[in-house]
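**Q** Next comes the structure file input.pdb, holding PDB, C-alpha atoms.
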```pdb
ATOM      1  CA  MET O 645       0.000   0.000   0.000
ATOM      2  CA  ALA O 646       1.317   3.442  -0.910
ATOM      3  CA  GLU O 647       2.169   5.780   1.926
ATOM      4  CA  GLU O 648      -0.641   8.248   2.589
ATOM      5  CA  LYS O 649       0.308  11.919   2.456
ATOM      6  CA  PRO O 650      -0.396  14.132   5.490
ATOM      7  CA  ILE O 651      -4.026  15.214   5.678
ATOM      8  CA  GLU O 652      -3.005  18.871   5.815
ATOM      9  CA  LYS O 653      -1.527  18.464   2.308
ATOM     10  CA  MET O 654      -4.576  16.664   0.872
ATOM     11  CA  THR O 655      -7.077  18.385  -1.374
ATOM     12  CA  VAL O 656     -10.666  18.845  -0.252
ATOM     13  CA  LYS O 657     -11.726  16.148  -2.719
ATOM     14  CA  GLU O 658      -9.272  13.640  -1.214
ATOM     15  CA  LEU O 659     -10.348  14.587   2.306
ATOM     16  CA  ARG O 660     -14.007  14.047   1.427
ATOM     17  CA  VAL O 661     -13.268  10.551   0.105
ATOM     18  CA  LEU O 662     -11.295   9.705   3.244
ATOM     19  CA  ALA O 663     -13.977  11.137   5.545
ATOM     20  CA  LYS O 664     -16.674   9.100   3.755
ATOM     21  CA  GLU O 665     -14.577   5.967   4.242
ATOM     22  CA  LEU O 666     -14.410   6.790   7.962
ATOM     23  CA  GLY O 667     -18.209   7.104   8.179
ATOM     24  CA  ALA O 668     -18.869  10.833   7.851
ATOM     25  CA  GLN O 669     -22.214  12.013   6.573
ATOM     26  CA  GLY O 670     -22.786  15.259   4.678
ATOM     27  CA  VAL O 671     -19.150  15.599   3.604
ATOM     28  CA  SER O 672     -20.088  17.532   0.477
ATOM     29  CA  GLY O 673     -21.020  20.525   2.641
ATOM     30  CA  MET O 674     -17.914  20.383   4.833
ATOM     31  CA  GLN O 675     -14.965  22.709   4.437
ATOM     32  CA  LYS O 676     -11.339  21.581   4.552
ATOM     33  CA  GLU O 677     -10.865  22.500   8.229
ATOM     34  CA  GLU O 678     -14.001  20.578   9.230
ATOM     35  CA  LEU O 679     -12.887  17.533   7.263
ATOM     36  CA  ILE O 680      -9.442  17.573   8.856
ATOM     37  CA  GLN O 681     -10.950  17.909  12.342
ATOM     38  CA  PHE O 682     -13.339  15.012  11.689
ATOM     39  CA  ILE O 683     -10.574  12.742  10.383
ATOM     40  CA  LEU O 684      -8.263  13.542  13.311
ATOM     41  CA  GLN O 685     -11.092  12.945  15.765
ATOM     42  CA  VAL O 686     -11.988   9.568  14.276
ATOM     43  CA  ARG O 687      -8.360   8.468  14.131
ATOM     44  CA  GLY O 688      -7.826   9.663  17.693
ATOM     45  CA  LYS O 689      -4.600  11.422  16.748
ATOM     46  CA  PRO O 690      -3.105  14.212  18.825
ATOM     47  CA  GLY O 691      -4.102  17.575  17.462
ATOM     48  CA  GLY O 692      -7.627  16.413  16.793
ATOM     49  CA  PRO O 693     -10.401  17.539  19.063
ATOM     50  CA  GLY O 694     -10.716  15.261  22.081
ATOM     51  CA  GLY O 695     -14.460  15.335  22.549
ATOM     52  CA  GLU O 696     -14.650  18.908  21.348
ATOM     53  CA  LYS O 697     -17.863  20.107  19.782
ATOM     54  CA  ILE O 698     -17.496  21.558  16.324
ATOM     55  CA  VAL O 699     -20.618  23.156  14.881
ATOM     56  CA  ARG O 700     -21.172  24.675  11.494
ATOM     57  CA  LEU O 701     -22.855  28.082  11.624
ATOM     58  CA  GLY O 702     -23.400  29.357   8.125
ATOM     59  CA  LYS O 703     -20.062  29.149   6.378
ATOM     60  CA  ARG O 704     -18.038  29.021   9.617
ATOM     61  CA  ALA O 705     -17.075  26.019  11.690
ATOM     62  CA  ILE O 706     -17.189  26.899  15.385
ATOM     63  CA  ASN O 707     -15.253  24.901  17.965
ATOM     64  CA  VAL O 708     -17.592  25.434  20.912
ATOM     65  CA  THR O 709     -15.180  23.906  23.420
ATOM     66  CA  ALA O 710     -12.399  26.291  22.392
ATOM     67  CA  VAL O 711     -14.774  29.275  22.541
ATOM     68  CA  LYS O 712     -15.820  28.298  26.070
ATOM     69  CA  ARG O 713     -12.149  28.064  27.084
ATOM     70  CA  GLN O 714     -11.614  31.538  25.642
ATOM     71  CA  ILE O 715     -14.592  32.894  27.606
ATOM     72  CA  LYS O 716     -13.134  31.482  30.818
ATOM     73  CA  GLN O 717      -9.772  33.163  30.151
ATOM     74  CA  LEU O 718     -11.421  36.471  29.321
ATOM     75  CA  LYS O 719     -13.479  36.356  32.521
ATOM     76  CA  ALA O 720     -10.308  35.890  34.580
ATOM     77  CA  GLU O 721      -8.668  38.747  32.689
ATOM     78  CA  ARG O 722     -11.709  40.934  33.285
ATOM     79  CA  GLU O 723     -11.691  40.239  37.034
ATOM     80  CA  LYS O 724      -8.028  41.223  37.145
ATOM     81  CA  LEU O 725      -8.776  44.493  35.322
ATOM     82  CA  ILE O 726     -11.648  45.279  37.690
ATOM     83  CA  SER O 727      -9.422  44.730  40.719
ATOM     84  CA  GLU O 728      -6.841  47.084  39.164
ATOM     85  CA  GLY O 729      -9.544  49.708  38.607
ATOM     86  CA  LYS O 730      -9.397  49.650  34.802
ATOM     87  CA  LYS O 731     -13.132  49.863  34.252
ATOM     88  CA  GLU O 732     -13.149  50.850  30.564
ATOM     89  CA  GLU O 733     -10.963  47.902  29.545
ATOM     90  CA  ALA O 734     -13.089  45.603  31.712
ATOM     91  CA  ARG O 735     -16.231  46.882  29.966
ATOM     92  CA  LYS O 736     -14.719  46.065  26.556
ATOM     93  CA  LEU O 737     -13.929  42.553  27.723
ATOM     94  CA  ARG O 738     -17.476  42.165  29.033
ATOM     95  CA  GLU O 739     -18.821  43.029  25.573
ATOM     96  CA  ARG O 740     -16.457  40.531  23.957
ATOM     97  CA  ILE O 741     -17.472  37.816  26.429
ATOM     98  CA  SER O 742     -21.125  38.586  25.707
ATOM     99  CA  ARG O 743     -20.590  38.163  21.946
ATOM    100  CA  LEU O 744     -18.799  34.849  22.471
ATOM    101  CA  LYS O 745     -21.582  33.592  24.749
ATOM    102  CA  LYS O 746     -24.133  34.509  22.107
ATOM    103  CA  LEU O 747     -22.111  32.524  19.569
ATOM    104  CA  THR O 748     -22.078  29.434  21.808
ATOM    105  CA  ARG O 749     -25.839  29.694  22.380
ATOM    106  CA  ARG O 750     -26.416  29.731  18.615
ATOM    107  CA  ALA O 751     -24.079  26.769  18.191
ATOM    108  CA  TYR O 752     -25.886  24.744  20.865
ATOM    109  CA  LYS O 753     -29.201  25.603  19.242
ATOM    110  CA  VAL O 754     -27.908  24.145  15.948
ATOM    111  CA  LEU O 755     -26.624  21.054  17.794
ATOM    112  CA  SER O 756     -29.961  20.455  19.476
ATOM    113  CA  GLN O 757     -31.790  20.829  16.151
ATOM    114  CA  LYS O 758     -29.462  18.285  14.536
ATOM    115  CA  LYS O 759     -30.042  15.832  17.404
ATOM    116  CA  ALA O 760     -33.812  16.280  17.082
ATOM    117  CA  GLN O 761     -33.640  15.506  13.349
ATOM    118  CA  GLY O 762     -31.774  12.293  14.079
TER     119      GLY O 762
END
```
Hey, can you dump this file as structure tokens for me?

**A**
Amino acid sequence: MAEEKPIEKMTVKELRVLAKELGAQGVSGMQKEELIQFILQVRGKPGGPGGEKIVRLGKRAINVTAVKRQIKQLKAEREKLISEGKKEEARKLRERISRLKKLTRRAYKVLSQKKAQG
């Protein structure tokens, strides 16, 4: 058997074929990043998401787990700014956190709709 090239170097067409072989459904609508994430997850290779939730919102793939990690970091940063008395910077972080939370709520809504459809 010929040695397989790294998935990062594969074309989208090659990735779709590989993902189908691994049991993916709806690969025709997936982008390259989504295909790579799926393949890494199925293979259980380092670098792939370990139980991370990846949701497609429009044309973007959102890694909900990574966004939640980012929210947690921003909250800690915001608390530090508040304790230092930097209220304006803390307010900007609050707005950013709010936008990220809204994004995760939309992603979970899409996930729940997909689960309901089967």

**Q** The PyMOL selection byres ((chain O and resi 667) around 12) on the file shown: which residues, as number ranges by chain?

**A** O: 660-666, 668-671, 679, 682-683, 685-687

**Q** Find, counting only C-alpha atoms, the residue in O:Arg713, O:Gln675, O:Glu658, O:Arg735 that gets nearest to Thr748 (chain O).

**A** O:Arg713

**Q** Carefully work through the PyMOL selection byres ((chain O and resi 698) around 8) for this structure and note down the residues it includes, as an MDAnalysis selection string.

**A** chainID O and resid 678 696:697 699:700 705:709

**Q** When you draw a straight line from CA of Gln761 (chain O) to CA of Met674 (chain O), how long is it in Å?

**A** 18.5 Å

**Q** In Å, with one decimal, what is the gap from CA of Ala751 (chain O) to CA of Leu701 (chain O)?

**A**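 Separating CA of Ala751 (chain O) from CA of Leu701 (chain O) is a distance of 6.8 Å.
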
**Q** Which residue is closest to Arg750 (chain O)? Choose from O:Arg722, O:Glu728, O:Gly702, O:Leu737 and count all atoms listed in the file.

**A**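 Comparing O:Arg722, O:Glu728, O:Gly702, O:Leu737 against Arg750 (chain O), the winner is O:Gly702.
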
**Q** Using the chain letters and residue numbers of this document, give as a list in words the residues selected by the PyMOL selection byres ((chain O and resi 718) around 12).

**A**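 Checked against the file, the PyMOL selection byres ((chain O and resi 718) around 12) matches Val711, Lys712, Arg713, Gln714, Ile715, Lys716, Gln717, Lys719, Ala720, Glu721, Arg722, Glu723, Lys724, Leu725, Glu733, Ala734, Arg735, Lys736, Leu737, Arg738, Glu739, Arg740, Ile741, Ser742, Arg743, Leu744 and Lys745 of chain O.
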
**Q** For the atom pair CA of Ser727 (chain O) and CA of Arg749 (chain O), what is the interatomic distance in Å to one decimal place?

**A**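 Separating CA of Ser727 (chain O) from CA of Arg749 (chain O) is a distance of 28.8 Å.
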